[in-house]
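Okay, my_file.cif is below, mmCIF, C-alpha atoms and all ligand atoms:
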```
data_model
#
loop_
_atom_site.label_atom_id
_atom_site.label_comp_id
_atom_site.auth_asym_id
_atom_site.auth_seq_id
_atom_site.Cartn_x
_atom_site.Cartn_y
_atom_site.Cartn_z
CA MET A 1 -14.91 -33.43 86.32
CA GLY A 2 -14.85 -37.16 87.12
CA LEU A 3 -17.10 -39.63 85.29
CA SER A 4 -19.28 -40.32 88.33
CA ASP A 5 -19.67 -36.64 89.31
CA PRO A 6 -23.02 -36.06 87.53
CA ILE A 7 -24.48 -38.85 89.71
CA VAL A 8 -22.56 -38.28 92.92
CA LEU A 9 -22.60 -34.48 93.29
CA PRO A 10 -26.43 -34.21 93.25
CA GLU A 11 -26.53 -37.06 95.83
CA GLN A 12 -24.21 -35.08 98.11
CA CYS A 13 -26.43 -31.98 97.80
CA LYS A 14 -29.59 -34.03 98.34
CA PHE A 15 -28.17 -35.57 101.49
CA LEU A 16 -26.90 -32.25 102.83
CA GLY A 17 -30.30 -30.68 102.15
CA ALA A 18 -32.03 -33.46 104.10
CA VAL A 19 -29.60 -33.02 107.01
CA LEU A 20 -30.18 -29.26 107.14
CA ASP A 21 -33.96 -29.88 107.05
CA VAL A 22 -33.70 -32.33 109.97
CA ALA A 23 -31.40 -29.97 111.91
CA ASN A 24 -33.94 -27.22 111.26
CA VAL A 25 -31.34 -24.47 111.59
CA GLN A 26 -32.27 -20.93 110.62
CA ASP A 27 -28.74 -19.90 109.84
CA ILE A 28 -25.41 -21.45 108.91
CA ASN A 29 -22.58 -18.94 109.23
CA SER A 30 -19.36 -20.95 109.36
CA VAL A 31 -18.64 -23.92 107.11
CA VAL A 32 -15.51 -26.01 106.61
CA HIS A 33 -15.18 -28.38 103.66
CA LEU A 34 -12.67 -31.08 104.51
CA GLY A 35 -11.10 -32.55 101.36
CA GLN A 36 -12.23 -29.94 98.86
CA HIS A 37 -9.61 -27.43 97.80
CA LYS A 38 -11.69 -24.68 96.19
CA PRO A 39 -15.26 -23.54 95.53
CA GLU A 40 -16.95 -25.26 92.59
CA GLY A 41 -20.22 -24.57 90.86
CA LYS A 42 -21.81 -28.02 91.04
CA LYS A 43 -20.59 -28.96 94.51
CA VAL A 44 -22.09 -28.66 97.97
CA ASP A 45 -20.50 -25.25 98.56
CA ALA A 46 -22.68 -23.78 95.78
CA TYR A 47 -25.74 -25.45 97.33
CA ILE A 48 -24.88 -23.96 100.75
CA GLN A 49 -24.29 -20.49 99.29
CA GLY A 50 -27.70 -20.63 97.63
CA ARG A 51 -29.41 -21.65 100.85
CA TYR A 52 -27.37 -19.51 103.29
CA PRO A 53 -25.94 -16.52 101.35
CA ASN A 54 -24.09 -15.19 104.42
CA ALA A 55 -22.21 -18.42 105.13
CA LYS A 56 -18.44 -18.04 105.30
CA GLN A 57 -16.98 -21.17 103.68
CA GLU A 58 -13.44 -22.47 104.13
CA PHE A 59 -11.74 -25.15 102.04
CA TRP A 60 -9.30 -27.38 103.86
CA ASP A 61 -7.35 -29.85 101.77
CA ILE A 62 -3.92 -31.41 101.48
CA LYS A 63 -3.53 -29.46 98.21
CA ASN A 64 -3.98 -26.20 100.14
CA ASP A 65 -1.52 -27.26 102.81
CA ASN A 66 -4.10 -26.48 105.49
CA TRP A 67 -5.41 -29.99 106.29
CA ASP A 68 -3.99 -33.48 106.27
CA MET A 69 -6.57 -35.98 107.43
CA ASN A 70 -3.81 -38.24 108.72
CA LYS A 71 -2.63 -35.54 111.16
CA GLU A 72 -4.44 -33.45 113.79
CA TRP A 73 -7.58 -31.91 112.21
CA GLY A 74 -8.10 -29.01 114.62
CA VAL A 75 -11.60 -28.15 113.38
CA LYS A 76 -13.93 -26.65 115.99
CA ASP A 77 -16.78 -24.19 116.65
CA LYS A 78 -18.14 -24.41 113.09
CA ASP A 79 -21.82 -24.58 112.20
CA LEU A 80 -21.13 -27.20 109.56
CA VAL A 81 -18.23 -29.47 108.67
CA ALA A 82 -18.71 -31.42 105.45
CA SER A 83 -16.44 -34.02 103.92
CA PHE A 84 -17.23 -36.10 100.85
CA ARG A 85 -15.18 -38.75 99.04
CA VAL A 86 -12.12 -38.35 101.24
CA ALA A 87 -12.34 -41.18 103.79
CA HIS A 88 -10.55 -43.63 101.47
CA TYR A 89 -7.32 -41.63 102.00
CA VAL A 90 -7.23 -42.68 105.66
CA LYS A 91 -3.97 -44.37 106.63
CA ASP A 92 -4.57 -45.23 110.28
CA LYS A 93 -8.13 -46.16 111.26
CA ASP A 94 -7.66 -45.47 115.01
CA HIS A 95 -6.30 -41.99 114.32
CA PHE A 96 -9.15 -41.30 111.91
CA LEU A 97 -11.85 -42.44 114.35
CA GLU A 98 -10.33 -40.33 117.13
CA GLN A 99 -10.28 -37.22 114.90
CA LEU A 100 -13.80 -37.80 113.58
CA LYS A 101 -15.12 -38.15 117.15
CA LYS A 102 -13.47 -34.84 118.13
CA CYS A 103 -14.91 -33.20 115.02
CA ILE A 104 -18.43 -34.38 115.90
CA ASP A 105 -18.05 -33.26 119.53
CA ASN A 106 -16.61 -29.81 118.69
CA ASN A 107 -18.85 -28.69 115.82
CA ARG A 108 -22.59 -28.24 115.36
CA ILE A 109 -23.22 -30.43 112.29
CA THR A 110 -20.75 -32.94 110.86
CA VAL A 111 -21.37 -34.69 107.55
CA PHE A 112 -19.10 -37.43 106.23
CA ASP A 113 -19.37 -40.06 103.55
CA PHE A 114 -17.68 -43.43 103.17
CA GLN A 115 -17.10 -45.21 99.90
CA LEU A 116 -16.60 -48.94 99.65
CA PHE A 117 -15.27 -50.07 96.28
CA GLN A 118 -16.51 -53.42 95.02
CA GLY A 119 -13.04 -53.99 93.49
CA ASN A 120 -11.43 -53.88 96.93
CA LEU A 121 -13.77 -56.57 98.24
CA GLU A 122 -12.95 -58.78 95.26
CA VAL A 123 -9.26 -58.51 96.11
CA TYR A 124 -10.09 -59.70 99.60
CA ASN A 125 -12.24 -62.56 98.36
CA ASP A 126 -9.96 -63.85 95.62
CA ASN A 127 -6.53 -63.56 97.16
CA ASN A 128 -7.23 -62.92 100.82
CA GLN A 129 -4.74 -60.06 100.58
CA ARG A 130 -4.70 -56.64 102.11
CA THR A 131 -5.90 -53.82 99.91
CA PRO A 132 -3.77 -50.68 99.98
CA SER A 133 -6.26 -48.49 101.86
CA ILE A 134 -8.63 -48.73 104.80
CA ASN A 135 -12.03 -50.15 103.81
CA PHE A 136 -15.07 -48.84 105.64
CA ASP A 137 -17.39 -51.77 105.19
CA PHE A 138 -20.83 -50.56 106.27
CA ARG A 139 -22.81 -52.90 104.01
CA PHE A 140 -24.46 -54.51 107.01
CA ILE A 141 -25.41 -51.24 108.69
CA HIS A 142 -29.05 -52.27 109.02
CA ASP A 143 -28.39 -55.94 109.67
CA THR A 144 -28.85 -57.31 113.14
CA LYS A 145 -26.89 -60.52 112.59
CA GLU A 146 -23.87 -60.45 114.86
CA GLU A 147 -21.65 -62.40 112.45
CA TYR A 148 -21.97 -59.63 109.85
CA LYS A 149 -21.25 -56.88 112.32
CA GLU A 150 -18.25 -58.76 113.66
CA SER A 151 -16.78 -59.80 110.32
CA ASN A 152 -13.44 -58.02 110.26
CA ILE A 153 -11.11 -59.41 107.61
CA ASN A 154 -7.95 -57.77 108.88
CA GLY A 155 -6.69 -54.61 110.50
CA THR A 156 -7.50 -52.42 107.50
CA HIS A 157 -11.19 -53.28 107.48
CA VAL A 158 -13.56 -51.08 109.55
CA THR A 159 -16.97 -52.66 110.12
CA TRP A 160 -20.06 -50.84 111.35
CA LYS A 161 -19.49 -52.42 114.76
CA ASP A 162 -15.87 -51.14 114.90
CA PHE A 163 -17.17 -47.70 113.98
CA CYS A 164 -19.98 -47.66 116.56
CA ASP A 165 -17.56 -48.72 119.30
CA VAL A 166 -15.98 -45.25 119.01
CA ILE A 167 -18.34 -42.91 117.15
CA PRO A 168 -21.81 -41.84 118.39
CA HIS A 169 -24.72 -43.07 116.29
CA PRO A 170 -25.42 -40.68 113.40
CA ASN A 171 -28.68 -38.70 113.33
CA VAL A 172 -29.11 -39.12 109.58
CA ILE A 173 -27.97 -42.04 107.40
CA ARG A 174 -28.39 -42.50 103.67
CA VAL A 175 -27.14 -45.41 101.61
CA HIS A 176 -26.56 -45.01 97.89
CA THR A 177 -25.17 -47.76 95.67
CA THR A 178 -23.89 -47.77 92.13
CA ARG A 179 -22.64 -50.81 90.19
CA SER A 180 -19.20 -50.61 91.73
CA ILE A 181 -19.38 -48.40 94.83
CA PHE A 182 -21.36 -48.43 98.07
CA TYR A 183 -21.77 -44.92 99.48
CA HIS A 184 -22.78 -44.34 103.08
CA TYR A 185 -23.67 -40.76 103.91
CA LEU A 186 -23.71 -40.05 107.67
CA ALA A 187 -24.51 -36.89 109.66
CA TRP A 188 -24.31 -35.90 113.30
CA ILE A 189 -26.32 -32.95 114.63
CA LYS A 190 -25.69 -31.44 118.07
C1 LIG A 201 -12.07 -37.34 95.28
S1 LIG A 201 -11.60 -35.70 95.80
C2 LIG A 201 -13.12 -35.20 96.57
C3 LIG A 201 -13.41 -33.75 96.33
C4 LIG A 201 -14.79 -33.30 96.80
N1 LIG A 201 -14.92 -33.45 98.23
C5 LIG A 201 -15.87 -34.05 96.05
O1 LIG A 201 -16.55 -34.91 96.63
O2 LIG A 201 -16.03 -33.77 94.86
C6 LIG A 201 -10.51 -36.05 97.18
C7 LIG A 201 -9.91 -34.80 97.82
O3 LIG A 201 -9.19 -35.23 99.00
C8 LIG A 201 -7.96 -34.55 99.04
N2 LIG A 201 -7.02 -35.39 99.85
C9 LIG A 201 -6.38 -36.52 99.48
N3 LIG A 201 -5.63 -37.00 100.48
C10 LIG A 201 -5.79 -36.14 101.52
C11 LIG A 201 -5.27 -36.10 102.85
N4 LIG A 201 -4.40 -37.01 103.31
N5 LIG A 201 -5.63 -35.08 103.64
C12 LIG A 201 -6.47 -34.12 103.19
N6 LIG A 201 -7.02 -34.11 101.95
C13 LIG A 201 -6.68 -35.11 101.12
C14 LIG A 201 -7.58 -34.37 97.59
O4 LIG A 201 -6.63 -33.33 97.42
C15 LIG A 201 -8.94 -34.06 96.95
O5 LIG A 201 -9.23 -32.69 96.97
#
```
I need this file expressed as structure tokens, please.
Amino acid sequence: MGLSDPIVLPEQCKFLGAVLDVANVQDINSVVHLGQHKPEGKKVDAYIQGRYPNAKQEFWDIKNDNWDMNKEWGVKDKDLVASFRVAHYVKDKDHFLEQLKKCIDNNRITVFDFQLFQGNLEVYNDNNQRTPSINFDFRFIHDTKEEYKESNINGTHVTWKDFCDVIPHPNVIRVHTTRSIFYHYLAWIK
């Protein structure tokens, strides 16, 4: 278990619970976890099993050889698709946004989170260099100032404006910050 798990895993369950309350669904039968390779006691799959005992849950992950987020996702007709702490493995932002849009369109509820690491921003600020991964910088999600929404440092930086140009507005948003990470939890309900 990672050091931050005791803080982060309850946050994931809390967010998912709020989304399911808002969606007001009586039953969830089919669930896909993107970027989780097996069931685990403290994770969202255990929460779902407690709330919907008949749910059939699948685990898609690069470790299982059944999902690579940088290829075609092919996820459709599920009641719930949930993906936590995986978006920082994105290699091509346009491909990712296209796949996420399809996922939202083709499934009933989609839940995704985005982590922004303070350390990555410092690399940008100090050296003006590219960080190795794509940064989803949603810090100004609630800000109306155009300069914040437009501020794209280089091609690896996805701002809230970039995101909203492609992806429909989420139905539920929750922001959680720790000393070193900004988490944005987003959900789309059809
Ligand atoms: C930090 S873990 C998150 C696990 C779980 N979702 C959670 O929040 O506890 C990241 C997961 O993403 C998977 N992963 C990494 N790169 C991937 C890729 N390109 N495609 C699919 N899964 C990937 C890893 O194997 C790992 O299971």
Quick one: residues within 9 Å of range 38-55 of chain A, all atoms listed in the file, excluding same-chain residues fewer than 5 positions away - as an mmCIF file with C-alpha atoms, keeping the file's coordinate frame?
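Written file, out01.cif:
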```cif
data_model
loop_
_atom_site.group_PDB
_atom_site.id
_atom_site.type_symbol
_atom_site.label_atom_id
_atom_site.label_comp_id
_atom_site.auth_asym_id
_atom_site.auth_seq_id
_atom_site.Cartn_x
_atom_site.Cartn_y
_atom_site.Cartn_z
ATOM 1 C CA PRO A 6 -23.020 -36.060 87.530
ATOM 2 C CA LEU A 9 -22.600 -34.480 93.290
ATOM 3 C CA PRO A 10 -26.430 -34.210 93.250
ATOM 4 C CA GLN A 12 -24.210 -35.080 98.110
ATOM 5 C CA CYS A 13 -26.430 -31.980 97.800
ATOM 6 C CA LEU A 16 -26.900 -32.250 102.830
ATOM 7 C CA GLY A 17 -30.300 -30.680 102.150
ATOM 8 C CA GLN A 26 -32.270 -20.930 110.620
ATOM 9 C CA ASP A 27 -28.740 -19.900 109.840
ATOM 10 C CA ILE A 28 -25.410 -21.450 108.910
ATOM 11 C CA ASN A 29 -22.580 -18.940 109.230
ATOM 12 C CA SER A 30 -19.360 -20.950 109.360
ATOM 13 C CA VAL A 31 -18.640 -23.920 107.110
ATOM 14 C CA HIS A 33 -15.180 -28.380 103.660
ATOM 15 C CA TRP A 60 -9.300 -27.380 103.860
ATOM 16 C CA ASP A 61 -7.350 -29.850 101.770
ATOM 17 C CA ASN A 64 -3.980 -26.200 100.140
ATOM 18 C CA ALA A 82 -18.710 -31.420 105.450
#
```
ask   = Is there a way to get, as a ChimeraX atom specification, all residues within 8 Å of the point (-13.3, -21.0, 100.1) in file coordinates, counting all atoms listed in the file?
value = /A:37-39,56-59
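Proximal residues of ligand LIG 201 (chain A) are A:Leu9, A:Leu34, A:Gly35, A:Gln36, A:His37, A:Lys43, A:Asp61, A:Ile62, A:Lys63, A:Trp67, A:Asp68, A:Met69, A:Asn70, A:Ser83, A:Phe84, A:Arg85, A:Val86, A:Tyr89, A:Val90, by a cut-off of 7 Å on all atoms listed in the file.
As for CA of Phe117 in chain A and CA of Phe182 in chain A, they are spaced 6.6 Å apart.
Taking only C-alpha atoms into account, Val158 in chain A lies nearest to A:Ala87 out of the set A:Ser180, A:Ile173, A:Ala87, A:Ala187.
Of note, CA of Trp188 in chain A and CA of Thr110 in chain A are spaced 5.2 Å apart.
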inquiry  = From the options A:Leu186, A:Val19, A:Leu100, A:Val111, which residue's atoms come nearest to Trp73 in chain A, counting all atoms listed in the file?
reply    = A:Leu100
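One finds CA of Asn24 in chain A at 24.3 Å from CA of Val8 in chain A.
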ask   = In terms of the shortest atom-to-atom distance over all atoms listed in the file, which of A:Asp65, A:Cys103, A:Leu3, A:Phe15 is closest to Val32 in chain A?
value = A:Cys103
Can we get range 70-115 of chain A of that structure written down with N, CA and C atoms, as a compact mmCIF listing (two decimals), in the first residue's frame?
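New file decode23.txt:
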```txt
# COMPACT_ATOMS: atom_id res chain seq x y z
N ASN A 70 -3.14 4.18 -23.70
CA ASN A 70 -2.59 4.91 -24.85
C ASN A 70 -2.94 4.24 -26.18
N LYS A 71 -3.84 3.24 -26.10
CA LYS A 71 -4.39 2.61 -27.32
C LYS A 71 -5.91 2.78 -27.30
N GLU A 72 -6.61 2.04 -28.16
CA GLU A 72 -8.08 2.12 -28.19
C GLU A 72 -8.65 1.50 -26.90
N TRP A 73 -9.57 2.21 -26.21
CA TRP A 73 -10.07 1.69 -24.94
C TRP A 73 -11.14 0.60 -25.14
N GLY A 74 -12.08 0.88 -26.05
CA GLY A 74 -13.13 -0.10 -26.35
C GLY A 74 -14.03 -0.43 -25.17
N VAL A 75 -14.35 0.55 -24.35
CA VAL A 75 -15.25 0.29 -23.21
C VAL A 75 -16.62 0.87 -23.53
N LYS A 76 -17.66 0.02 -23.48
CA LYS A 76 -19.00 0.53 -23.80
C LYS A 76 -20.09 -0.28 -23.09
N ASP A 77 -21.26 0.31 -22.99
CA ASP A 77 -22.48 -0.32 -22.45
C ASP A 77 -22.33 -0.75 -20.98
N LYS A 78 -21.48 -0.07 -20.23
CA LYS A 78 -21.33 -0.40 -18.80
C LYS A 78 -22.15 0.59 -17.97
N ASP A 79 -22.57 0.13 -16.81
CA ASP A 79 -23.28 1.05 -15.90
C ASP A 79 -22.31 2.06 -15.30
N LEU A 80 -21.10 1.59 -15.04
CA LEU A 80 -20.12 2.47 -14.38
C LEU A 80 -18.72 2.15 -14.87
N VAL A 81 -18.00 3.21 -15.26
CA VAL A 81 -16.57 3.07 -15.57
C VAL A 81 -15.83 4.00 -14.60
N ALA A 82 -14.89 3.44 -13.86
CA ALA A 82 -14.19 4.25 -12.84
C ALA A 82 -12.69 4.12 -13.03
N SER A 83 -12.02 5.26 -12.99
CA SER A 83 -10.57 5.25 -13.16
C SER A 83 -9.94 6.28 -12.23
N PHE A 84 -9.09 5.81 -11.35
CA PHE A 84 -8.44 6.69 -10.38
C PHE A 84 -6.92 6.55 -10.47
N ARG A 85 -6.25 7.68 -10.41
CA ARG A 85 -4.78 7.76 -10.35
C ARG A 85 -4.10 7.08 -11.54
N VAL A 86 -4.65 7.29 -12.71
CA VAL A 86 -4.08 6.67 -13.91
C VAL A 86 -3.75 7.72 -14.98
N ALA A 87 -4.43 8.88 -14.91
CA ALA A 87 -4.34 9.85 -16.01
C ALA A 87 -2.91 10.36 -16.22
N HIS A 88 -2.04 10.23 -15.20
CA HIS A 88 -0.68 10.73 -15.40
C HIS A 88 0.17 9.79 -16.25
N TYR A 89 -0.41 8.65 -16.68
CA TYR A 89 0.31 7.77 -17.61
C TYR A 89 -0.02 8.08 -19.07
N VAL A 90 -0.80 9.13 -19.29
CA VAL A 90 -1.17 9.51 -20.66
C VAL A 90 0.08 9.95 -21.42
N LYS A 91 0.17 9.48 -22.69
CA LYS A 91 1.32 9.90 -23.50
C LYS A 91 0.93 10.95 -24.52
N ASP A 92 -0.30 10.83 -25.06
CA ASP A 92 -0.73 11.75 -26.11
C ASP A 92 -2.07 12.35 -25.69
N LYS A 93 -2.07 13.66 -25.41
CA LYS A 93 -3.28 14.25 -24.83
C LYS A 93 -4.47 14.19 -25.78
N ASP A 94 -4.24 14.35 -27.09
CA ASP A 94 -5.37 14.32 -28.05
C ASP A 94 -6.00 12.93 -28.09
N HIS A 95 -5.16 11.92 -28.10
CA HIS A 95 -5.67 10.54 -28.07
C HIS A 95 -6.47 10.30 -26.80
N PHE A 96 -5.92 10.74 -25.68
CA PHE A 96 -6.60 10.54 -24.40
C PHE A 96 -7.97 11.23 -24.39
N LEU A 97 -8.02 12.48 -24.84
CA LEU A 97 -9.29 13.22 -24.81
C LEU A 97 -10.32 12.57 -25.72
N GLU A 98 -9.87 12.07 -26.86
CA GLU A 98 -10.78 11.38 -27.79
C GLU A 98 -11.36 10.12 -27.13
N GLN A 99 -10.50 9.35 -26.46
CA GLN A 99 -10.95 8.10 -25.83
C GLN A 99 -11.86 8.39 -24.63
N LEU A 100 -11.52 9.41 -23.86
CA LEU A 100 -12.37 9.75 -22.71
C LEU A 100 -13.75 10.19 -23.19
N LYS A 101 -13.80 10.97 -24.25
CA LYS A 101 -15.10 11.43 -24.79
C LYS A 101 -15.94 10.22 -25.21
N LYS A 102 -15.32 9.26 -25.91
CA LYS A 102 -16.05 8.06 -26.33
C LYS A 102 -16.56 7.30 -25.11
N CYS A 103 -15.71 7.21 -24.10
CA CYS A 103 -16.08 6.48 -22.88
C CYS A 103 -17.31 7.13 -22.22
N ILE A 104 -17.30 8.45 -22.15
CA ILE A 104 -18.44 9.17 -21.55
C ILE A 104 -19.70 8.95 -22.38
N ASP A 105 -19.56 9.01 -23.70
CA ASP A 105 -20.72 8.87 -24.60
C ASP A 105 -21.30 7.45 -24.56
N ASN A 106 -20.45 6.44 -24.35
CA ASN A 106 -20.87 5.05 -24.55
C ASN A 106 -21.18 4.29 -23.26
N ASN A 107 -21.07 4.98 -22.12
CA ASN A 107 -21.34 4.30 -20.84
C ASN A 107 -22.23 5.20 -19.98
N ARG A 108 -22.87 4.58 -18.98
CA ARG A 108 -23.87 5.33 -18.21
C ARG A 108 -23.22 6.35 -17.25
N ILE A 109 -22.27 5.90 -16.47
CA ILE A 109 -21.57 6.81 -15.53
C ILE A 109 -20.07 6.62 -15.74
N THR A 110 -19.38 7.73 -15.92
CA THR A 110 -17.90 7.68 -16.04
C THR A 110 -17.30 8.54 -14.94
N VAL A 111 -16.34 7.98 -14.23
CA VAL A 111 -15.67 8.71 -13.15
C VAL A 111 -14.16 8.66 -13.42
N PHE A 112 -13.53 9.80 -13.37
CA PHE A 112 -12.10 9.88 -13.64
C PHE A 112 -11.48 10.88 -12.69
N ASP A 113 -10.24 10.63 -12.27
CA ASP A 113 -9.57 11.69 -11.52
C ASP A 113 -8.26 12.10 -12.20
N PHE A 114 -7.82 13.29 -11.85
CA PHE A 114 -6.62 13.88 -12.46
C PHE A 114 -5.75 14.40 -11.33
N GLN A 115 -4.49 14.00 -11.36
CA GLN A 115 -3.56 14.45 -10.32
C GLN A 115 -2.59 15.44 -10.93
```
